[in-house]
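What's in model_11.pdb: PDB, C-alpha atoms and all ligand atoms
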```
MODEL        1
ATOM      1  CA  MET A  15     115.260 102.428  79.057  1.00  0.00           C
ATOM      2  CA  ILE A  16     114.595 103.425  82.669  1.00  0.00           C
ATOM      3  CA  GLN A  17     111.353 105.155  83.551  1.00  0.00           C
ATOM      4  CA  ARG A  18     109.628 106.234  86.730  1.00  0.00           C
ATOM      5  CA  ALA A  19     107.024 103.628  87.728  1.00  0.00           C
ATOM      6  CA  SER A  20     103.481 104.810  88.297  1.00  0.00           C
ATOM      7  CA  LYS A  21     100.296 103.098  89.406  1.00  0.00           C
ATOM      8  CA  THR A  22      99.485 102.319  85.774  1.00  0.00           C
ATOM      9  CA  ASP A  23     102.545 100.026  85.739  1.00  0.00           C
ATOM     10  CA  ILE A  24     101.503  97.650  88.523  1.00  0.00           C
ATOM     11  CA  ASP A  25     100.692  94.779  86.136  1.00  0.00           C
ATOM     12  CA  VAL A  26     104.147  95.016  84.565  1.00  0.00           C
ATOM     13  CA  LEU A  27     105.835  95.356  87.961  1.00  0.00           C
ATOM     14  CA  ALA A  28     104.057  92.298  89.380  1.00  0.00           C
ATOM     15  CA  ALA A  29     104.828  90.300  86.224  1.00  0.00           C
ATOM     16  CA  ILE A  30     108.555  91.087  86.405  1.00  0.00           C
ATOM     17  CA  HIS A  31     108.654  90.355  90.136  1.00  0.00           C
ATOM     18  CA  ALA A  32     106.952  86.992  89.587  1.00  0.00           C
ATOM     19  CA  THR A  33     109.704  85.937  87.177  1.00  0.00           C
ATOM     20  CA  ALA A  34     112.458  86.897  89.623  1.00  0.00           C
ATOM     21  CA  PHE A  35     111.146  85.516  92.931  1.00  0.00           C
ATOM     22  CA  SER A  36     109.446  82.331  94.113  1.00  0.00           C
ATOM     23  CA  ALA A  37     105.655  82.344  94.349  1.00  0.00           C
ATOM     24  CA  ALA A  38     105.967  82.764  98.114  1.00  0.00           C
ATOM     25  CA  ASP A  39     108.170  85.845  97.837  1.00  0.00           C
ATOM     26  CA  ALA A  40     106.784  87.578  94.727  1.00  0.00           C
ATOM     27  CA  TRP A  41     104.829  90.780  95.332  1.00  0.00           C
ATOM     28  CA  SER A  42     101.226  90.965  94.125  1.00  0.00           C
ATOM     29  CA  ARG A  43      99.691  93.861  92.178  1.00  0.00           C
ATOM     30  CA  ASP A  44      98.105  95.000  95.458  1.00  0.00           C
ATOM     31  CA  VAL A  45     101.475  95.251  97.177  1.00  0.00           C
ATOM     32  CA  PHE A  46     102.892  97.367  94.348  1.00  0.00           C
ATOM     33  CA  ASP A  47      99.726  99.466  94.385  1.00  0.00           C
ATOM     34  CA  LEU A  48     100.046 100.129  98.117  1.00  0.00           C
ATOM     35  CA  GLN A  49     103.760 100.857  97.960  1.00  0.00           C
ATOM     36  CA  LEU A  50     103.508 103.290  95.063  1.00  0.00           C
ATOM     37  CA  ALA A  51     100.687 105.133  96.840  1.00  0.00           C
ATOM     38  CA  MET A  52     103.104 106.125  99.603  1.00  0.00           C
ATOM     39  CA  PRO A  53     104.529 109.608  99.149  1.00  0.00           C
ATOM     40  CA  ASN A  54     108.020 108.584 100.286  1.00  0.00           C
ATOM     41  CA  VAL A  55     108.294 105.585  97.917  1.00  0.00           C
ATOM     42  CA  PHE A  56     109.370 105.727  94.294  1.00  0.00           C
ATOM     43  CA  GLY A  57     109.861 102.983  91.716  1.00  0.00           C
ATOM     44  CA  LEU A  58     111.759 102.609  88.465  1.00  0.00           C
ATOM     45  CA  ILE A  59     111.171 100.185  85.601  1.00  0.00           C
ATOM     46  CA  HIS A  60     113.817  99.073  83.149  1.00  0.00           C
ATOM     47  CA  ARG A  61     112.110  98.196  79.889  1.00  0.00           C
ATOM     48  CA  ALA A  62     114.391  95.183  79.389  1.00  0.00           C
ATOM     49  CA  GLY A  63     112.622  93.627  82.401  1.00  0.00           C
ATOM     50  CA  GLY A  64     113.728  95.043  85.727  1.00  0.00           C
ATOM     51  CA  LEU A  65     112.436  97.115  88.618  1.00  0.00           C
ATOM     52  CA  ILE A  66     113.512  98.794  91.830  1.00  0.00           C
ATOM     53  CA  LEU A  67     111.525 100.403  94.647  1.00  0.00           C
ATOM     54  CA  MET A  68     113.052 102.775  97.198  1.00  0.00           C
ATOM     55  CA  ARG A  69     111.616 104.333 100.340  1.00  0.00           C
ATOM     56  CA  GLN A  70     113.013 107.550 101.765  1.00  0.00           C
ATOM     57  CA  ALA A  71     112.992 108.522 105.446  1.00  0.00           C
ATOM     58  CA  ALA A  72     114.677 111.885 106.031  1.00  0.00           C
ATOM     59  CA  ASP A  73     118.260 111.585 104.748  1.00  0.00           C
ATOM     60  CA  GLU A  74     118.221 107.788 104.501  1.00  0.00           C
ATOM     61  CA  ALA A  75     116.574 105.407 102.035  1.00  0.00           C
ATOM     62  CA  ASP A  76     115.920 101.680 101.847  1.00  0.00           C
ATOM     63  CA  VAL A  77     115.911  99.550  98.731  1.00  0.00           C
ATOM     64  CA  LEU A  78     112.560  97.800  99.214  1.00  0.00           C
ATOM     65  CA  THR A  79     112.957  95.411  96.317  1.00  0.00           C
ATOM     66  CA  LEU A  80     115.087  94.900  93.203  1.00  0.00           C
ATOM     67  CA  ALA A  81     114.296  92.341  90.533  1.00  0.00           C
ATOM     68  CA  VAL A  82     115.455  91.501  87.023  1.00  0.00           C
ATOM     69  CA  ALA A  83     113.705  88.918  84.832  1.00  0.00           C
ATOM     70  CA  PRO A  84     115.949  85.892  84.158  1.00  0.00           C
ATOM     71  CA  ALA A  85     116.084  86.605  80.408  1.00  0.00           C
ATOM     72  CA  ALA A  86     117.455  90.107  81.046  1.00  0.00           C
ATOM     73  CA  ARG A  87     120.133  89.213  83.578  1.00  0.00           C
ATOM     74  CA  ARG A  88     123.890  89.820  83.372  1.00  0.00           C
ATOM     75  CA  SER A  89     123.507  92.764  81.034  1.00  0.00           C
ATOM     76  CA  GLY A  90     123.773  95.549  83.600  1.00  0.00           C
ATOM     77  CA  VAL A  91     120.039  96.079  84.196  1.00  0.00           C
ATOM     78  CA  ALA A  92     120.224  95.874  88.001  1.00  0.00           C
ATOM     79  CA  GLN A  93     123.337  98.000  88.124  1.00  0.00           C
ATOM     80  CA  ALA A  94     121.670 100.682  85.974  1.00  0.00           C
ATOM     81  CA  LEU A  95     118.543 100.634  88.156  1.00  0.00           C
ATOM     82  CA  LEU A  96     120.586 100.972  91.354  1.00  0.00           C
ATOM     83  CA  LEU A  97     122.618 103.818  89.894  1.00  0.00           C
ATOM     84  CA  GLU A  98     119.547 105.769  88.777  1.00  0.00           C
ATOM     85  CA  ALA A  99     117.622 105.107  92.011  1.00  0.00           C
ATOM     86  CA  THR A 100     120.522 106.289  94.166  1.00  0.00           C
ATOM     87  CA  ARG A 101     121.003 109.337  91.909  1.00  0.00           C
ATOM     88  CA  ILE A 102     117.346 110.293  92.384  1.00  0.00           C
ATOM     89  CA  ALA A 103     117.562 109.638  96.124  1.00  0.00           C
ATOM     90  CA  ALA A 104     120.695 111.779  96.434  1.00  0.00           C
ATOM     91  CA  SER A 105     118.945 114.605  94.568  1.00  0.00           C
ATOM     92  CA  ARG A 106     116.218 114.441  97.252  1.00  0.00           C
ATOM     93  CA  GLY A 107     118.691 114.799 100.096  1.00  0.00           C
ATOM     94  CA  VAL A 108     119.394 111.138 100.848  1.00  0.00           C
ATOM     95  CA  ARG A 109     122.911 110.620 102.175  1.00  0.00           C
ATOM     96  CA  ALA A 110     122.873 106.844 102.792  1.00  0.00           C
ATOM     97  CA  ALA A 111     121.036 103.909 101.191  1.00  0.00           C
ATOM     98  CA  PHE A 112     120.423 100.646 103.043  1.00  0.00           C
ATOM     99  CA  LEU A 113     119.211  97.189 102.082  1.00  0.00           C
ATOM    100  CA  GLU A 114     119.002  93.624 103.309  1.00  0.00           C
ATOM    101  CA  VAL A 115     120.261  90.669 101.298  1.00  0.00           C
ATOM    102  CA  SER A 116     120.299  86.992 102.141  1.00  0.00           C
ATOM    103  CA  VAL A 117     123.728  85.542 102.853  1.00  0.00           C
ATOM    104  CA  THR A 118     122.760  82.818 100.344  1.00  0.00           C
ATOM    105  CA  ASN A 119     122.008  85.263  97.466  1.00  0.00           C
ATOM    106  CA  ILE A 120     125.405  85.262  95.761  1.00  0.00           C
ATOM    107  CA  ALA A 121     124.257  87.145  92.632  1.00  0.00           C
ATOM    108  CA  ALA A 122     122.796  90.021  94.628  1.00  0.00           C
ATOM    109  CA  ARG A 123     125.715  90.123  97.057  1.00  0.00           C
ATOM    110  CA  GLU A 124     128.169  90.400  94.135  1.00  0.00           C
ATOM    111  CA  LEU A 125     126.037  93.133  92.587  1.00  0.00           C
ATOM    112  CA  TYR A 126     125.936  95.175  95.797  1.00  0.00           C
ATOM    113  CA  THR A 127     129.655  94.787  96.412  1.00  0.00           C
ATOM    114  CA  LYS A 128     130.329  95.940  92.859  1.00  0.00           C
ATOM    115  CA  THR A 129     128.099  98.993  93.322  1.00  0.00           C
ATOM    116  CA  GLY A 130     129.863 100.024  96.532  1.00  0.00           C
ATOM    117  CA  PHE A 131     127.609  98.763  99.330  1.00  0.00           C
ATOM    118  CA  THR A 132     129.372  97.619 102.493  1.00  0.00           C
ATOM    119  CA  ARG A 133     128.206  95.437 105.345  1.00  0.00           C
ATOM    120  CA  VAL A 134     126.977  97.229 108.462  1.00  0.00           C
ATOM    121  CA  GLY A 135     124.904  94.543 110.187  1.00  0.00           C
ATOM    122  CA  LEU A 136     123.474  91.031 110.296  1.00  0.00           C
ATOM    123  CA  ARG A 137     119.876  90.009 110.991  1.00  0.00           C
ATOM    124  CA  ARG A 138     119.786  86.373 112.007  1.00  0.00           C
ATOM    125  CA  LEU A 139     117.028  84.067 110.613  1.00  0.00           C
ATOM    126  CA  TYR A 140     115.553  87.060 108.768  1.00  0.00           C
ATOM    127  CA  TYR A 141     114.075  85.221 105.771  1.00  0.00           C
ATOM    128  CA  SER A 142     111.328  82.589 105.562  1.00  0.00           C
ATOM    129  CA  ASP A 143     113.948  79.965 104.620  1.00  0.00           C
ATOM    130  CA  ARG A 144     115.703  80.868 107.916  1.00  0.00           C
ATOM    131  CA  SER A 145     118.711  82.351 106.150  1.00  0.00           C
ATOM    132  CA  ASP A 146     120.423  85.366 107.709  1.00  0.00           C
ATOM    133  CA  ALA A 147     120.288  88.822 106.152  1.00  0.00           C
ATOM    134  CA  LEU A 148     123.279  91.067 105.687  1.00  0.00           C
ATOM    135  CA  VAL A 149     122.476  94.739 106.179  1.00  0.00           C
ATOM    136  CA  LEU A 150     124.372  96.813 103.619  1.00  0.00           C
ATOM    137  CA  ARG A 151     124.947 100.553 103.335  1.00  0.00           C
ATOM    138  CA  LEU A 152     125.996 102.886 100.531  1.00  0.00           C
ATOM    139  CA  ASP A 153     127.009 106.476 101.289  1.00  0.00           C
ATOM    140  CA  LEU A 154     125.679 108.966  98.742  1.00  0.00           C
ATOM    141  CA  SER A 155     127.261 112.264  97.813  1.00  0.00           C
ATOM    142  CA  PRO A 156     125.174 115.400  97.410  1.00  0.00           C
ATOM    143  CA  PRO A 157     124.585 116.200  93.709  1.00  0.00           C
ATOM    144  CA  GLU A 158     127.129 118.651  92.170  1.00  0.00           C
TER     145      GLU A 158
HETATM  146  C1  LIG B   1     120.424  89.999  91.693  1.00  0.00           C
HETATM  147  C2  LIG B   1     119.835  90.493  90.359  1.00  0.00           C
HETATM  148  C3  LIG B   1     118.921  91.699  90.666  1.00  0.00           C
HETATM  149  C4  LIG B   1     120.988  90.931  89.442  1.00  0.00           C
HETATM  150  O1  LIG B   1     120.430  91.491  88.259  1.00  0.00           O
HETATM  151  P1  LIG B   1     121.283  91.638  86.891  1.00  0.00           P
HETATM  152  O2  LIG B   1     120.594  92.628  86.039  1.00  0.00           O
HETATM  153  O3  LIG B   1     121.548  90.306  86.334  1.00  0.00           O
HETATM  154  O4  LIG B   1     122.643  92.251  87.450  1.00  0.00           O
HETATM  155  P2  LIG B   1     123.713  93.062  86.548  1.00  0.00           P
HETATM  156  O5  LIG B   1     123.730  92.531  85.161  1.00  0.00           O
HETATM  157  O6  LIG B   1     123.482  94.530  86.729  1.00  0.00           O
HETATM  158  O7  LIG B   1     125.056  92.610  87.278  1.00  0.00           O
HETATM  159  C5  LIG B   1     126.002  93.532  87.782  1.00  0.00           C
HETATM  160  C6  LIG B   1     127.089  92.752  88.495  1.00  0.00           C
HETATM  161  O8  LIG B   1     126.545  92.016  89.600  1.00  0.00           O
HETATM  162  C7  LIG B   1     127.237  90.762  89.740  1.00  0.00           C
HETATM  163  N1  LIG B   1     126.326  89.648  89.425  1.00  0.00           N
HETATM  164  C8  LIG B   1     125.075  89.711  88.924  1.00  0.00           C
HETATM  165  N2  LIG B   1     124.554  88.472  88.802  1.00  0.00           N
HETATM  166  C9  LIG B   1     125.505  87.605  89.230  1.00  0.00           C
HETATM  167  C10 LIG B   1     125.555  86.195  89.345  1.00  0.00           C
HETATM  168  N3  LIG B   1     124.536  85.403  88.968  1.00  0.00           N
HETATM  169  N4  LIG B   1     126.680  85.625  89.843  1.00  0.00           N
HETATM  170  C11 LIG B   1     127.732  86.393  90.204  1.00  0.00           C
HETATM  171  N5  LIG B   1     127.754  87.750  90.116  1.00  0.00           N
HETATM  172  C12 LIG B   1     126.636  88.350  89.634  1.00  0.00           C
HETATM  173  C13 LIG B   1     128.377  90.813  88.706  1.00  0.00           C
HETATM  174  O9  LIG B   1     129.480  91.453  89.341  1.00  0.00           O
HETATM  175  C14 LIG B   1     127.757  91.699  87.634  1.00  0.00           C
HETATM  176  O10 LIG B   1     128.724  92.289  86.808  1.00  0.00           O
HETATM  177  P3  LIG B   1     129.243  91.455  85.505  1.00  0.00           P
HETATM  178  O11 LIG B   1     128.028  90.922  84.797  1.00  0.00           O
HETATM  179  O12 LIG B   1     129.993  92.497  84.728  1.00  0.00           O
HETATM  180  O13 LIG B   1     130.109  90.366  86.053  1.00  0.00           O
HETATM  181  C15 LIG B   1     119.034  89.378  89.633  1.00  0.00           C
HETATM  182  O14 LIG B   1     119.827  88.218  89.580  1.00  0.00           O
HETATM  183  C16 LIG B   1     117.710  89.026  90.297  1.00  0.00           C
HETATM  184  O15 LIG B   1     116.682  89.639  90.004  1.00  0.00           O
HETATM  185  N6  LIG B   1     117.717  88.017  91.199  1.00  0.00           N
HETATM  186  C17 LIG B   1     116.490  87.568  91.874  1.00  0.00           C
HETATM  187  C18 LIG B   1     115.918  88.636  92.778  1.00  0.00           C
HETATM  188  C19 LIG B   1     116.929  89.121  93.788  1.00  0.00           C
HETATM  189  O16 LIG B   1     117.705  88.368  94.335  1.00  0.00           O
HETATM  190  N7  LIG B   1     116.856  90.449  94.068  1.00  0.00           N
HETATM  191  C20 LIG B   1     117.736  91.078  95.045  1.00  0.00           C
HETATM  192  C21 LIG B   1     117.217  90.805  96.408  1.00  0.00           C
HETATM  193  S1  LIG B   1     118.218  91.596  97.679  1.00  0.00           S
ENDMDL
END
```
Could I get this file's structure written as structure tokens?
Amino acid sequence: MIQRASKTDIDVLAAIHATAFSAADAWSRDVFDLQLAMPNVFGLIHRAGGLILMRQAADEADVLTLAVAPAARRSGVAQALLLEATRIAASRGVRAAFLEVSVTNIAARELYTKTGFTRVGLRRLYYSDRSDALVLRLDLSPPE
């Protein structure tokens, strides 16, 4: 169900993102195209209707975006994407994953708590709606 995203998937990626975010926050095809062209960025698609993009910098990685279409929610899609993305990152030498999440995004905050992320910082007025962002971290173990 989970596959590596390539440039041929940008229509699907943009379509999923558009269902999950407001028009102001959804990423266009061009944004996905640019991101996937970067050698340190990889993306995964869940065929039920989900995606994740991660960017690696040395032994750290950031979750750039994570989105699940409304019709596919609460069936473990995001959790599966996070698990696979962090497994791939760990296999590439990543020892810690980071992300930002709005203090107002209860669904995502619950998801990240459940998957083991912990709070390491706060960025005030980070989002366009002036909400604060929590900075979260997950330590990754080297593969066996
Ligand atoms: C946040 C989001 C990615 C979750 O996707 P999902 O596939 O529904 O999440 P999962 O089914 O893997 O949920 C795993 C756990 O996260 C928590 N969770 C997910 N959605 C939740 C919600 N609406 N309310 C409370 N907890 C929630 C639960 O603990 C859930 O486990 P459970 O279903 O056994 O209770 C999805 O709601 C989404 O795309 N939202 C809009 C975009 C977004 O906010 N992206 C993240 C930006 S940082």
Apply the PyMOL selection byres (((chain A and resi 148) around 10) and not hetatm) to the displayed file and report the matching residues as a PDB file with C-alpha atoms, keeping the file's coordinate frame.
```pdb
ATOM      1  CA  LEU A 113     119.211  97.189 102.082  1.00  0.00           C
ATOM      2  CA  GLU A 114     119.002  93.624 103.309  1.00  0.00           C
ATOM      3  CA  VAL A 115     120.261  90.669 101.298  1.00  0.00           C
ATOM      4  CA  SER A 116     120.299  86.992 102.141  1.00  0.00           C
ATOM      5  CA  VAL A 117     123.728  85.542 102.853  1.00  0.00           C
ATOM      6  CA  THR A 118     122.760  82.818 100.344  1.00  0.00           C
ATOM      7  CA  ARG A 123     125.715  90.123  97.057  1.00  0.00           C
ATOM      8  CA  THR A 132     129.372  97.619 102.493  1.00  0.00           C
ATOM      9  CA  ARG A 133     128.206  95.437 105.345  1.00  0.00           C
ATOM     10  CA  VAL A 134     126.977  97.229 108.462  1.00  0.00           C
ATOM     11  CA  GLY A 135     124.904  94.543 110.187  1.00  0.00           C
ATOM     12  CA  LEU A 136     123.474  91.031 110.296  1.00  0.00           C
ATOM     13  CA  ARG A 137     119.876  90.009 110.991  1.00  0.00           C
ATOM     14  CA  ARG A 138     119.786  86.373 112.007  1.00  0.00           C
ATOM     15  CA  TYR A 140     115.553  87.060 108.768  1.00  0.00           C
ATOM     16  CA  SER A 145     118.711  82.351 106.150  1.00  0.00           C
ATOM     17  CA  ASP A 146     120.423  85.366 107.709  1.00  0.00           C
ATOM     18  CA  ALA A 147     120.288  88.822 106.152  1.00  0.00           C
ATOM     19  CA  VAL A 149     122.476  94.739 106.179  1.00  0.00           C
ATOM     20  CA  LEU A 150     124.372  96.813 103.619  1.00  0.00           C
ATOM     21  CA  ARG A 151     124.947 100.553 103.335  1.00  0.00           C
TER      22      ARG A 151
END
```
Might you spell out which residues the PyMOL selection byres (((chain A and resi 73) around 10) and not hetatm) would select in the displayed file, as a PDB file with C-alpha atoms, in the frame of the given file?
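selection-v5.pdb, written as the output of this step:
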```pdb
ATOM      1  CA  GLN A  70     113.013 107.550 101.765  1.00  0.00           C
ATOM      2  CA  ALA A  71     112.992 108.522 105.446  1.00  0.00           C
ATOM      3  CA  ALA A  72     114.677 111.885 106.031  1.00  0.00           C
ATOM      4  CA  GLU A  74     118.221 107.788 104.501  1.00  0.00           C
ATOM      5  CA  ALA A  75     116.574 105.407 102.035  1.00  0.00           C
ATOM      6  CA  ALA A 103     117.562 109.638  96.124  1.00  0.00           C
ATOM      7  CA  ALA A 104     120.695 111.779  96.434  1.00  0.00           C
ATOM      8  CA  ARG A 106     116.218 114.441  97.252  1.00  0.00           C
ATOM      9  CA  GLY A 107     118.691 114.799 100.096  1.00  0.00           C
ATOM     10  CA  VAL A 108     119.394 111.138 100.848  1.00  0.00           C
ATOM     11  CA  ARG A 109     122.911 110.620 102.175  1.00  0.00           C
ATOM     12  CA  ALA A 110     122.873 106.844 102.792  1.00  0.00           C
ATOM     13  CA  ALA A 111     121.036 103.909 101.191  1.00  0.00           C
ATOM     14  CA  LEU A 154     125.679 108.966  98.742  1.00  0.00           C
TER      15      LEU A 154
END
```
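When atom O16 of ligand LIG 1 (chain B) is paired with CA of Asn54 (chain A), their separation reads 23.2 Å.
When all atoms listed in the file are used to compute distances to Leu58 (chain A), the closest of the residues A:Ile120, A:Leu139, A:Leu78, A:Ala85 turns out to be A:Leu78.
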### Message
With only C-alpha atoms as the counted atoms, please give the residues lying no more than 7 Å from region 25-30 of chain A, apart from itself and same-chain residues fewer than 6 positions off, as a PyMOL selection string.
### Response
chain A and resi 41-43+63-65+82-83
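Closest to Ala34 (chain A) among A:Asp76, A:Ala86, A:Ile16, A:Arg61 is A:Ala86, based on only C-alpha atoms.
Compared by their closest atoms to ligand LIG 1 (chain B), and using all atoms listed in the file, the residues A:Ala62, A:Ala38, A:Ile24, A:Leu152 rank with A:Ala62 nearest.
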To test the calculation: enclose all listed atoms of ligand LIG 1 (chain B) in a box whose edges run along x, y and z, add 4 Å on each side, then state centre and edge lengths in Å to one decimal, as lines of an AutoDock Vina configuration file.
```
center_x = 123.0
center_y = 90.0
center_z = 91.2
size_x = 22.2
size_y = 17.1
size_z = 21.0
```
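Distance annotation: of A:Glu124, A:Glu158, A:Asp153, A:Asp143, the residue with the minimal separation from ligand LIG 1 (chain B) is A:Glu124; atom set is only C-alpha atoms and all ligand atoms.
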### Query
Could you state the separation of atom C15 of ligand LIG 1 (chain B) and CA of Pro156 (chain A) in Å, given to one decimal place?
27.8 Å
### Message
Quick check on the file I pasted: which residues fall under the PyMOL selection byres (((chain A and resi 20) around 12) and not hetatm)? Write them as a PyMOL selection string.
### Response
chain A and resi 17-19+21-27+46-53+55-59+65+67
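With distances taken over all atoms listed in the file, A:Thr127 is the one residue among A:Thr127, A:Ala37, A:Ser105, A:Val45 lying closest to ligand LIG 1 (chain B).
With distances taken over all atoms listed in the file, A:Leu97 is the one residue among A:Met15, A:Ile102, A:Leu80, A:Leu97 lying closest to Gly130 (chain A).
Atom O10 of ligand LIG 1 (chain B) to CA of Tyr126 (chain A) spans 9.8 Å [interatomic distance, one decimal].
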Reconstruct N, CA and C atoms of region 97-115 of chain A from the incomplete input and present them as a short mmCIF file (atom, residue, chain, number, x, y, z; two decimals), keeping the file's coordinate frame.
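Heads up, here's the output in result-v4.cif:
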```
data_model
loop_
_atom_site.label_atom_id
_atom_site.label_comp_id
_atom_site.auth_asym_id
_atom_site.auth_seq_id
_atom_site.Cartn_x
_atom_site.Cartn_y
_atom_site.Cartn_z
N LEU A 97 121.95 102.54 90.12
CA LEU A 97 122.62 103.82 89.89
C LEU A 97 121.60 104.94 89.77
N GLU A 98 120.56 104.73 88.99
CA GLU A 98 119.55 105.77 88.78
C GLU A 98 118.75 106.02 90.06
N ALA A 99 118.40 104.94 90.77
CA ALA A 99 117.62 105.11 92.01
C ALA A 99 118.44 105.87 93.05
N THR A 100 119.72 105.58 93.17
CA THR A 100 120.52 106.29 94.17
C THR A 100 120.78 107.74 93.71
N ARG A 101 120.85 107.96 92.40
CA ARG A 101 121.00 109.34 91.91
C ARG A 101 119.77 110.17 92.27
N ILE A 102 118.59 109.58 92.05
CA ILE A 102 117.35 110.29 92.38
C ILE A 102 117.28 110.53 93.90
N ALA A 103 117.61 109.50 94.66
CA ALA A 103 117.56 109.64 96.12
C ALA A 103 118.51 110.74 96.58
N ALA A 104 119.72 110.76 96.04
CA ALA A 104 120.70 111.78 96.43
C ALA A 104 120.17 113.17 96.10
N SER A 105 119.47 113.29 94.96
CA SER A 105 118.94 114.60 94.57
C SER A 105 117.83 115.06 95.51
N ARG A 106 117.27 114.11 96.28
CA ARG A 106 116.22 114.44 97.25
C ARG A 106 116.78 114.58 98.67
N GLY A 107 118.09 114.58 98.78
CA GLY A 107 118.69 114.80 100.10
C GLY A 107 119.12 113.55 100.83
N VAL A 108 118.99 112.38 100.19
CA VAL A 108 119.39 111.14 100.85
C VAL A 108 120.92 111.05 100.87
N ARG A 109 121.46 110.71 102.03
CA ARG A 109 122.91 110.62 102.18
C ARG A 109 123.39 109.19 102.39
N ALA A 110 122.46 108.25 102.65
CA ALA A 110 122.87 106.84 102.79
C ALA A 110 121.72 105.94 102.40
N ALA A 111 122.04 104.90 101.59
CA ALA A 111 121.04 103.91 101.19
C ALA A 111 121.34 102.60 101.91
N PHE A 112 120.28 101.91 102.31
CA PHE A 112 120.42 100.65 103.04
C PHE A 112 119.62 99.56 102.34
N LEU A 113 120.00 98.33 102.56
CA LEU A 113 119.21 97.19 102.08
C LEU A 113 119.59 95.94 102.86
N GLU A 114 118.71 94.95 102.76
CA GLU A 114 119.00 93.62 103.31
C GLU A 114 119.15 92.64 102.16
N VAL A 115 120.08 91.72 102.31
CA VAL A 115 120.26 90.67 101.30
C VAL A 115 120.60 89.38 102.02
#
```
